[in-house]
$ cat my_file39.cif   # mmCIF, C-alpha atoms
data_structure
loop_
_atom_site.label_atom_id
_atom_site.label_comp_id
_atom_site.auth_asym_id
_atom_site.auth_seq_id
_atom_site.Cartn_x
_atom_site.Cartn_y
_atom_site.Cartn_z
CA MET U 1 -24.59 -18.40 -32.38
CA GLU U 2 -23.11 -16.85 -35.48
CA SER U 3 -19.35 -16.81 -35.93
CA ARG U 4 -19.50 -13.01 -36.18
CA ALA U 5 -21.03 -12.84 -32.69
CA ILE U 6 -18.36 -15.17 -31.32
CA VAL U 7 -15.62 -12.97 -32.78
CA ARG U 8 -17.18 -9.82 -31.30
CA ILE U 9 -17.46 -11.51 -27.89
CA ALA U 10 -13.83 -12.62 -28.03
CA LEU U 11 -12.65 -9.18 -29.15
CA MET U 12 -14.50 -7.45 -26.32
CA ALA U 13 -13.04 -9.93 -23.81
CA ALA U 14 -9.61 -9.03 -25.22
CA VAL U 15 -10.36 -5.31 -24.85
CA ILE U 16 -11.21 -5.84 -21.18
CA GLY U 17 -7.94 -7.76 -20.78
CA VAL U 18 -5.91 -5.02 -22.46
CA LEU U 19 -7.49 -2.42 -20.18
CA GLY U 20 -6.13 -4.47 -17.28
CA MET U 21 -2.62 -3.82 -18.52
CA LEU U 22 -2.99 -0.16 -17.62
CA PRO U 23 -1.57 0.30 -14.13
CA GLY U 24 -4.15 0.39 -11.38
CA VAL U 25 -4.07 2.74 -8.43
CA MET U 26 -4.23 1.18 -4.98
CA LEU U 27 -5.91 3.20 -2.26
CA PRO U 28 -5.63 2.18 1.37
CA ILE U 29 -9.21 3.20 2.14
CA ALA U 30 -10.60 0.58 -0.28
CA MET U 31 -8.88 -2.40 1.41
CA GLY U 32 -6.78 -3.26 -1.64
CA VAL U 33 -9.42 -2.77 -4.33
CA PRO U 34 -7.58 -0.95 -7.15
CA ILE U 35 -8.87 1.77 -9.43
CA THR U 36 -8.65 0.21 -12.89
CA ALA U 37 -9.77 0.91 -16.44
CA GLN U 38 -11.43 -2.48 -16.79
CA THR U 39 -14.88 -1.27 -15.79
CA LEU U 40 -14.75 0.87 -18.92
CA GLY U 41 -14.49 -2.35 -20.92
CA VAL U 42 -17.36 -3.90 -18.96
CA MET U 43 -19.58 -0.90 -19.71
CA LEU U 44 -18.63 -1.03 -23.39
CA ALA U 45 -19.29 -4.77 -23.56
CA GLY U 46 -22.93 -4.41 -22.56
CA ILE U 47 -23.58 -1.24 -24.53
CA ILE U 48 -21.94 -2.35 -27.75
CA LEU U 49 -22.70 -6.08 -27.76
CA GLY U 50 -26.04 -6.04 -25.97
CA PRO U 51 -26.93 -7.72 -22.69
CA ARG U 52 -26.42 -11.38 -23.55
CA HIS U 53 -23.30 -11.08 -25.67
CA GLY U 54 -21.82 -8.42 -23.39
CA ALA U 55 -22.22 -10.71 -20.37
CA LEU U 56 -20.71 -13.59 -22.38
CA ALA U 57 -17.67 -11.43 -23.23
CA VAL U 58 -17.17 -10.68 -19.54
CA LEU U 59 -17.65 -14.35 -18.63
CA LEU U 60 -15.01 -15.31 -21.19
CA PHE U 61 -12.63 -12.74 -19.75
CA LEU U 62 -13.23 -13.95 -16.18
CA PHE U 63 -12.78 -17.58 -17.27
CA VAL U 64 -9.37 -16.77 -18.74
CA VAL U 65 -8.41 -14.84 -15.59
CA LEU U 66 -9.47 -17.70 -13.32
CA LEU U 67 -7.39 -20.08 -15.43
CA GLY U 68 -4.41 -17.99 -14.35
CA ALA U 69 -3.90 -15.38 -17.05
CA PRO U 70 -2.54 -12.23 -15.37
CA LEU U 71 -5.04 -9.89 -17.02
CA LEU U 72 -6.28 -8.04 -13.97
CA SER U 73 -4.68 -4.82 -12.85
CA GLY U 74 -1.30 -5.46 -11.28
CA GLY U 75 -0.86 -8.71 -13.22
CA ARG U 76 -3.27 -10.66 -11.05
CA GLY U 77 -5.00 -13.82 -12.18
CA GLY U 78 -5.87 -17.31 -10.97
CA LEU U 79 -8.37 -18.60 -8.46
CA GLY U 80 -6.83 -16.51 -5.68
CA VAL U 81 -8.63 -13.41 -6.96
CA LEU U 82 -11.87 -14.96 -5.70
CA PHE U 83 -10.64 -14.58 -2.13
CA GLY U 84 -9.56 -10.93 -2.23
CA PRO U 85 -11.52 -7.80 -1.36
CA SER U 86 -12.20 -7.06 -5.04
CA VAL U 87 -14.13 -10.31 -5.62
CA GLY U 88 -17.49 -8.52 -5.52
CA PHE U 89 -16.35 -6.09 -8.18
CA LEU U 90 -14.96 -8.89 -10.35
CA LEU U 91 -18.08 -11.02 -10.14
CA GLY U 92 -20.14 -7.86 -10.59
CA PHE U 93 -18.64 -7.41 -14.05
CA VAL U 94 -21.15 -9.92 -15.47
CA PRO U 95 -24.39 -8.37 -14.18
CA ALA U 96 -22.96 -4.89 -14.85
CA ALA U 97 -22.43 -5.69 -18.53
CA PHE U 98 -25.83 -7.38 -18.77
CA VAL U 99 -27.70 -4.48 -17.15
CA SER U 100 -25.79 -1.92 -19.23
CA GLY U 101 -26.91 -3.75 -22.35
CA MET U 102 -30.51 -4.05 -21.15
CA VAL U 103 -30.74 -0.36 -20.32
CA MET U 104 -29.22 0.53 -23.71
CA GLU U 105 -31.88 -1.61 -25.42
CA GLN U 106 -34.68 0.02 -23.42
CA LEU U 107 -33.51 3.52 -24.33
CA LYS U 108 -33.68 3.11 -28.12
CA ARG U 109 -35.61 6.36 -28.47
CA LEU U 110 -32.83 8.42 -26.89
CA PRO U 111 -29.77 9.54 -28.85
CA VAL U 112 -26.92 7.03 -28.60
CA PHE U 113 -24.76 9.27 -26.39
CA ALA U 114 -27.51 9.84 -23.80
CA ALA U 115 -28.64 6.21 -23.82
CA ALA U 116 -25.07 4.96 -23.45
CA LEU U 117 -24.35 7.37 -20.61
CA VAL U 118 -27.44 6.29 -18.66
CA ALA U 119 -26.71 2.62 -19.38
CA ALA U 120 -23.10 2.97 -18.24
CA VAL U 121 -24.11 4.69 -15.01
CA VAL U 122 -26.89 2.22 -14.17
CA GLY U 123 -25.04 -0.97 -15.12
CA GLY U 124 -21.41 -0.01 -14.82
CA ILE U 125 -21.70 2.00 -11.62
CA VAL U 126 -24.89 1.19 -9.69
CA VAL U 127 -24.92 -2.57 -10.34
CA GLU U 128 -21.13 -2.86 -10.17
CA TYR U 129 -20.99 -1.02 -6.84
CA ALA U 130 -23.84 -3.08 -5.38
CA CYS U 131 -21.84 -6.25 -6.06
CA GLY U 132 -18.58 -4.67 -4.92
CA VAL U 133 -20.04 -3.46 -1.62
CA VAL U 134 -21.38 -6.95 -0.86
CA GLY U 135 -17.94 -8.40 -1.64
CA LEU U 136 -16.20 -5.91 0.64
CA MET U 137 -18.66 -6.65 3.43
CA ALA U 138 -18.04 -10.39 3.10
CA ILE U 139 -14.27 -10.51 2.55
CA ALA U 140 -13.05 -7.42 4.41
CA ARG U 141 -15.68 -7.81 7.13
CA MET U 142 -16.86 -4.24 6.75
CA SER U 143 -20.21 -2.85 7.78
CA LEU U 144 -22.49 -1.53 5.04
CA ALA U 145 -21.56 2.05 5.93
CA GLN U 146 -17.83 1.29 5.87
CA ALA U 147 -18.10 -0.49 2.50
CA LEU U 148 -20.13 2.35 1.00
CA LEU U 149 -17.61 4.89 2.26
CA ALA U 150 -14.68 2.85 0.92
CA THR U 151 -16.23 2.61 -2.54
CA ALA U 152 -17.24 6.29 -2.71
CA ILE U 153 -13.67 7.12 -3.71
CA PHE U 154 -14.24 5.33 -7.04
CA ILE U 155 -17.27 7.39 -8.11
CA PRO U 156 -15.51 10.33 -9.86
CA GLY U 157 -13.33 8.00 -11.95
CA ASP U 158 -16.24 5.78 -12.85
CA LEU U 159 -18.31 8.77 -13.93
CA LEU U 160 -15.45 9.70 -16.27
CA LYS U 161 -15.43 6.11 -17.59
CA ALA U 162 -19.18 6.33 -18.17
CA LEU U 163 -18.63 9.53 -20.18
CA ALA U 164 -15.84 7.87 -22.16
CA THR U 165 -18.13 4.91 -22.84
CA ALA U 166 -20.84 7.24 -24.15
CA PHE U 167 -18.33 9.02 -26.43
CA VAL U 168 -17.02 5.69 -27.78
CA ALA U 169 -20.56 4.40 -28.34
CA GLU U 170 -21.55 7.59 -30.16
CA ALA U 171 -18.42 7.54 -32.34
CA SER U 172 -18.89 3.84 -33.10
CA TYR U 173 -22.51 4.40 -34.06
CA ARG U 174 -21.67 7.34 -36.33
CA GLY U 175 -18.90 5.40 -38.06
CA TYR U 176 -20.75 2.08 -38.30
CA PRO U 177 -24.36 2.06 -37.04
CA ALA U 178 -24.44 -1.75 -36.82
CA ALA U 179 -21.65 -1.58 -34.22
CA ILE U 180 -24.21 -0.98 -31.48
CA ALA U 181 -26.27 -4.16 -31.15
CA SER U 182 -29.38 -2.44 -29.80
CA ARG U 183 -29.44 -0.01 -32.74
CA ALA U 184 -28.75 -2.50 -35.54
#
$ encode --input "my_file39.cif" --output "structure tokens"
Amino acid sequence: MESRAIVRIALMAAVIGVLGMLPGVMLPIAMGVPITAQTLGVMLAGIILGPRHGALAVLLFLFVVLLGAPLLSGGRGGLGVLFGPSVGFLLGFVPAAFVSGMVMEQLKRLPVFAAALVAAVVGGIVVEYACGVVGLMAIARMSLAQALLATAIFIPGDLLKALATAFVAEASYRGYPAAIASRA
């Protein structure tokens, strides 16, 4: 792997960490799963870096968190996060970034904004929610219907994050076309 790729992976992991510093919003309906800005970083990781490097950036971020760095919303970190109701969402960061990057690569013929929006919705919402629902069912002992209902509250905010991701991808591409791995 080139040193440039390693730097981009590390920078994107840092972006995800910085987004965790923004205060999260706890909702009682979601069993302690906070609304955070970090999924924005996960979407950007896949769309900007591509599937493999985007997933590596998220893995690096999760590795640092599991070592104890308080980079998750609310200053959480350490192995204990693997036993909370948000574990499915956390572990879903990796496939979400990967799928976002794959979808972005497959949509090369679309304008960057449209491709990034679709990629963010498919990877950053559909895949992320699938993992999060499974985690809620396992940890919070919810039924599928209860877990789906609990996560529905996140959809409007995540759609806004998908739009923000598309705007950032478009602006990045206009300023420096090589910034988007699938378009370089």
$ residues_around --input "my_file39.cif" --residues "Leu136 (chain U)" --least-positions-apart "2" --cutoff "9 Å" --atoms "all atoms listed in the file" --output "PyMOL selection string"
chain U and resi 30-31+33+84-89+131-134+138-144+147+150
$ residues_near_point --input "my_file39.cif" --point "(-25.0, -4.9, -19.8)" --cutoff "10 Å" --atoms "only C-alpha atoms" --output "number ranges by chain"
U: 42-55, 58, 93-105, 119-120, 122-124, 127
$ write_last_selection --input "my_file39.cif" --atoms "C-alpha atoms" --output "PDB file, in the frame of the given file"
ATOM      1  CA  VAL U  42     -17.360  -3.900 -18.960  1.00  0.00           C
ATOM      2  CA  MET U  43     -19.580  -0.900 -19.710  1.00  0.00           C
ATOM      3  CA  LEU U  44     -18.630  -1.030 -23.390  1.00  0.00           C
ATOM      4  CA  ALA U  45     -19.290  -4.770 -23.560  1.00  0.00           C
ATOM      5  CA  GLY U  46     -22.930  -4.410 -22.560  1.00  0.00           C
ATOM      6  CA  ILE U  47     -23.580  -1.240 -24.530  1.00  0.00           C
ATOM      7  CA  ILE U  48     -21.940  -2.350 -27.750  1.00  0.00           C
ATOM      8  CA  LEU U  49     -22.700  -6.080 -27.760  1.00  0.00           C
ATOM      9  CA  GLY U  50     -26.040  -6.040 -25.970  1.00  0.00           C
ATOM     10  CA  PRO U  51     -26.930  -7.720 -22.690  1.00  0.00           C
ATOM     11  CA  ARG U  52     -26.420 -11.380 -23.550  1.00  0.00           C
ATOM     12  CA  HIS U  53     -23.300 -11.080 -25.670  1.00  0.00           C
ATOM     13  CA  GLY U  54     -21.820  -8.420 -23.390  1.00  0.00           C
ATOM     14  CA  ALA U  55     -22.220 -10.710 -20.370  1.00  0.00           C
ATOM     15  CA  VAL U  58     -17.170 -10.680 -19.540  1.00  0.00           C
ATOM     16  CA  PHE U  93     -18.640  -7.410 -14.050  1.00  0.00           C
ATOM     17  CA  VAL U  94     -21.150  -9.920 -15.470  1.00  0.00           C
ATOM     18  CA  PRO U  95     -24.390  -8.370 -14.180  1.00  0.00           C
ATOM     19  CA  ALA U  96     -22.960  -4.890 -14.850  1.00  0.00           C
ATOM     20  CA  ALA U  97     -22.430  -5.690 -18.530  1.00  0.00           C
ATOM     21  CA  PHE U  98     -25.830  -7.380 -18.770  1.00  0.00           C
ATOM     22  CA  VAL U  99     -27.700  -4.480 -17.150  1.00  0.00           C
ATOM     23  CA  SER U 100     -25.790  -1.920 -19.230  1.00  0.00           C
ATOM     24  CA  GLY U 101     -26.910  -3.750 -22.350  1.00  0.00           C
ATOM     25  CA  MET U 102     -30.510  -4.050 -21.150  1.00  0.00           C
ATOM     26  CA  VAL U 103     -30.740  -0.360 -20.320  1.00  0.00           C
ATOM     27  CA  MET U 104     -29.220   0.530 -23.710  1.00  0.00           C
ATOM     28  CA  GLU U 105     -31.880  -1.610 -25.420  1.00  0.00           C
ATOM     29  CA  ALA U 119     -26.710   2.620 -19.380  1.00  0.00           C
ATOM     30  CA  ALA U 120     -23.100   2.970 -18.240  1.00  0.00           C
ATOM     31  CA  VAL U 122     -26.890   2.220 -14.170  1.00  0.00           C
ATOM     32  CA  GLY U 123     -25.040  -0.970 -15.120  1.00  0.00           C
ATOM     33  CA  GLY U 124     -21.410  -0.010 -14.820  1.00  0.00           C
ATOM     34  CA  VAL U 127     -24.920  -2.570 -10.340  1.00  0.00           C
TER      35      VAL U 127
END
$ atom_distance --input "my_file39.cif" --atom1 "CA of Ala169 (chain U)" --atom2 "CA of Ala69 (chain U)"
28.2 Å
$ atom_distance --input "my_file39.cif" --atom1 "CA of Phe113 (chain U)" --atom2 "CA of Val168 (chain U)"
8.6 Å
$ residues_around --input "my_file39.cif" --residues "Ile125 (chain U)" --least-positions-apart "4" --cutoff "9 Å" --atoms "all atoms listed in the file" --output "list in words"
Thr39, Met43, Ala96, Ala120, Val121, Tyr129, Ala130, Ile155, Asp158, Leu159 and Ala162 of chain U
$ atom_distance --input "my_file39.cif" --atom1 "CA of Thr36 (chain U)" --atom2 "CA of Ala116 (chain U)"
20.1 Å
$ resolve_selection --input "my_file39.cif" --expression "the PyMOL selection byres ((chain U and resi 21) around 10)" --output "list of chain:residue names"
U:Ile16, U:Gly17, U:Val18, U:Leu19, U:Gly20, U:Leu22, U:Pro23, U:Gly24, U:Thr36, U:Ala37, U:Gln38, U:Pro70, U:Leu71, U:Leu72, U:Ser73, U:Gly74, U:Gly75
$ axis_aligned_box --input "my_file39.cif" --around "region 69-82 of chain U" --padding-each-side "3 Å" --output "JSON"
{"center_x": -6.4, "center_y": -11.7, "center_z": -11.4, "size_x": 17.0, "size_y": 19.8, "size_z": 17.4}
$ decode --input "my_file39.cif" --residues "region 159-174 of chain U" --atoms "N, CA and C atoms" --output "PDB file, in the first residue's frame"
ATOM      1  N   LEU U 159     -30.842  10.752   6.468  1.00  0.00           N
ATOM      2  CA  LEU U 159     -31.066  11.257   5.109  1.00  0.00           C
ATOM      3  C   LEU U 159     -30.377  12.615   4.928  1.00  0.00           C
ATOM      4  N   LEU U 160     -30.411  13.444   5.970  1.00  0.00           N
ATOM      5  CA  LEU U 160     -29.682  14.725   5.908  1.00  0.00           C
ATOM      6  C   LEU U 160     -28.178  14.485   5.823  1.00  0.00           C
ATOM      7  N   LYS U 161     -27.672  13.487   6.551  1.00  0.00           N
ATOM      8  CA  LYS U 161     -26.240  13.162   6.472  1.00  0.00           C
ATOM      9  C   LYS U 161     -25.871  12.650   5.088  1.00  0.00           C
ATOM     10  N   ALA U 162     -26.771  11.880   4.472  1.00  0.00           N
ATOM     11  CA  ALA U 162     -26.514  11.393   3.111  1.00  0.00           C
ATOM     12  C   ALA U 162     -26.446  12.568   2.134  1.00  0.00           C
ATOM     13  N   LEU U 163     -27.340  13.544   2.308  1.00  0.00           N
ATOM     14  CA  LEU U 163     -27.290  14.752   1.469  1.00  0.00           C
ATOM     15  C   LEU U 163     -25.990  15.522   1.699  1.00  0.00           C
ATOM     16  N   ALA U 164     -25.598  15.670   2.950  1.00  0.00           N
ATOM     17  CA  ALA U 164     -24.344  16.367   3.261  1.00  0.00           C
ATOM     18  C   ALA U 164     -23.160  15.635   2.644  1.00  0.00           C
ATOM     19  N   THR U 165     -23.189  14.315   2.695  1.00  0.00           N
ATOM     20  CA  THR U 165     -22.119  13.518   2.094  1.00  0.00           C
ATOM     21  C   THR U 165     -22.045  13.777   0.595  1.00  0.00           C
ATOM     22  N   ALA U 166     -23.188  13.813  -0.063  1.00  0.00           N
ATOM     23  CA  ALA U 166     -23.216  14.061  -1.508  1.00  0.00           C
ATOM     24  C   ALA U 166     -22.680  15.455  -1.830  1.00  0.00           C
ATOM     25  N   PHE U 167     -23.042  16.455  -1.017  1.00  0.00           N
ATOM     26  CA  PHE U 167     -22.524  17.814  -1.243  1.00  0.00           C
ATOM     27  C   PHE U 167     -21.010  17.868  -1.053  1.00  0.00           C
ATOM     28  N   VAL U 168     -20.507  17.203  -0.013  1.00  0.00           N
ATOM     29  CA  VAL U 168     -19.061  17.188   0.241  1.00  0.00           C
ATOM     30  C   VAL U 168     -18.335  16.461  -0.892  1.00  0.00           C
ATOM     31  N   ALA U 169     -18.885  15.338  -1.331  1.00  0.00           N
ATOM     32  CA  ALA U 169     -18.261  14.588  -2.430  1.00  0.00           C
ATOM     33  C   ALA U 169     -18.218  15.423  -3.705  1.00  0.00           C
ATOM     34  N   GLU U 170     -19.312  16.100  -4.012  1.00  0.00           N
ATOM     35  CA  GLU U 170     -19.373  16.946  -5.208  1.00  0.00           C
ATOM     36  C   GLU U 170     -18.362  18.092  -5.110  1.00  0.00           C
ATOM     37  N   ALA U 171     -18.316  18.756  -3.965  1.00  0.00           N
ATOM     38  CA  ALA U 171     -17.379  19.867  -3.783  1.00  0.00           C
ATOM     39  C   ALA U 171     -15.938  19.379  -3.846  1.00  0.00           C
ATOM     40  N   SER U 172     -15.668  18.230  -3.252  1.00  0.00           N
ATOM     41  CA  SER U 172     -14.312  17.665  -3.292  1.00  0.00           C
ATOM     42  C   SER U 172     -13.907  17.346  -4.718  1.00  0.00           C
ATOM     43  N   TYR U 173     -14.832  16.765  -5.465  1.00  0.00           N
ATOM     44  CA  TYR U 173     -14.551  16.388  -6.848  1.00  0.00           C
ATOM     45  C   TYR U 173     -14.314  17.618  -7.718  1.00  0.00           C
ATOM     46  N   ARG U 174     -15.095  18.648  -7.509  1.00  0.00           N
ATOM     47  CA  ARG U 174     -14.913  19.877  -8.301  1.00  0.00           C
ATOM     48  C   ARG U 174     -13.579  20.549  -7.988  1.00  0.00           C
TER      49      ARG U 174
END
